[in-house]
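*Asks:* A single structure is presented below for examination.
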Amino acid sequence: QVQLVESGGGSVQAGGSLRLSCTVFGYTWCKNDLRWFRQAPGKEREFVSGIYNDDRTNYADSVKGRFTISQDNAKNTMFLQMNSLKPEDTAMYYCYSGSCGGYWGPGTQVTVSS
């Protein structure tokens, strides 16, 4: 059984920071391709950032320079450090494993007020 659990969401003012975590429970290879997505009310889910088995990372243009993805392999945990947050970053943030048949976490809410 594979389970992804996000944490770290919350409410901040514009310009603030949050650090999201995603812990992978189950098969260890599920951490080889981990990604963050987000979905704002009334909008489609969109890619935010990914980290892969070869340590390659990528980001959506909207978060480049503000968000940093990282991984602690020993703890099977992925992080998303979000700085200089904007109201348009408000969304439910989801963790996704691409290496394990597309498992999703339940999400963690991020709300940024102006």
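Chain labels A, B, ... are given in the sequence in which chains occur in the structure tokens; within each chain residues are numbered consecutively from 1, and ligands are likewise numbered from 1 in the order shown.
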Going by DSSP on the backbone, which bits of stretch 13-72 of chain A are strand (DSSP E)? Write them as a PyMOL selection string, please.

*Replies:* chain A and resi 13+18-25+33-39+46-52+57-59+67-72

*Asks:* Could you give me, as CSV, a per-residue list for stretch 9-47 of chain A showing, wherever an atom lies at most 10 Å from an atom of stretch 51-57 of chain A, the closest pair of atoms and their distance in Å to one decimal, using only C-alpha atoms and sorting by chain then residue number from low to high?

*Replies:*
residue,atom,partner,partner_atom,distance
A:Trp29,CA,A:Asn53,CA,9.1
A:Lys31,CA,A:Asn53,CA,7.9
A:Asn32,CA,A:Asn53,CA,4.6
A:Asp33,CA,A:Tyr52,CA,4.5
A:Leu34,CA,A:Ile51,CA,5.5
A:Arg35,CA,A:Ile51,CA,6.3
A:Trp36,CA,A:Ile51,CA,9.0

*Asks:* Which residue, A:Gln39, A:Ser97, A:Ser114, A:Thr90, has the smallest gap to A:Gly9 when you use only C-alpha atoms?

*Replies:*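 Ranked by minimum distance to A:Gly9, first place goes to A:Thr90.
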
*Asks:* What's around stretch 18-24 of chain A at 9 Å? Count only C-alpha atoms, leave out sequence neighbours fewer than 5 positions away in its own chain, and write the answer as a ChimeraX atom specification.

*Replies:* /A:2-12,30-31,75-83,85,93-97,105,108,110

*Asks:* Return the single residue from A:Tyr103, A:Asn73, A:Gly15, A:Ser62 that is closest to A:Val48, with distances computed using only C-alpha atoms.

*Replies:* A:Ser62

*Asks:* Enter the distance from atom CA of A:Thr68 to atom CA of A:Lys86, in Å, rounded to one decimal.

*Replies:*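 Atom CA of A:Lys86 lies 15.2 Å from atom CA of A:Thr68.
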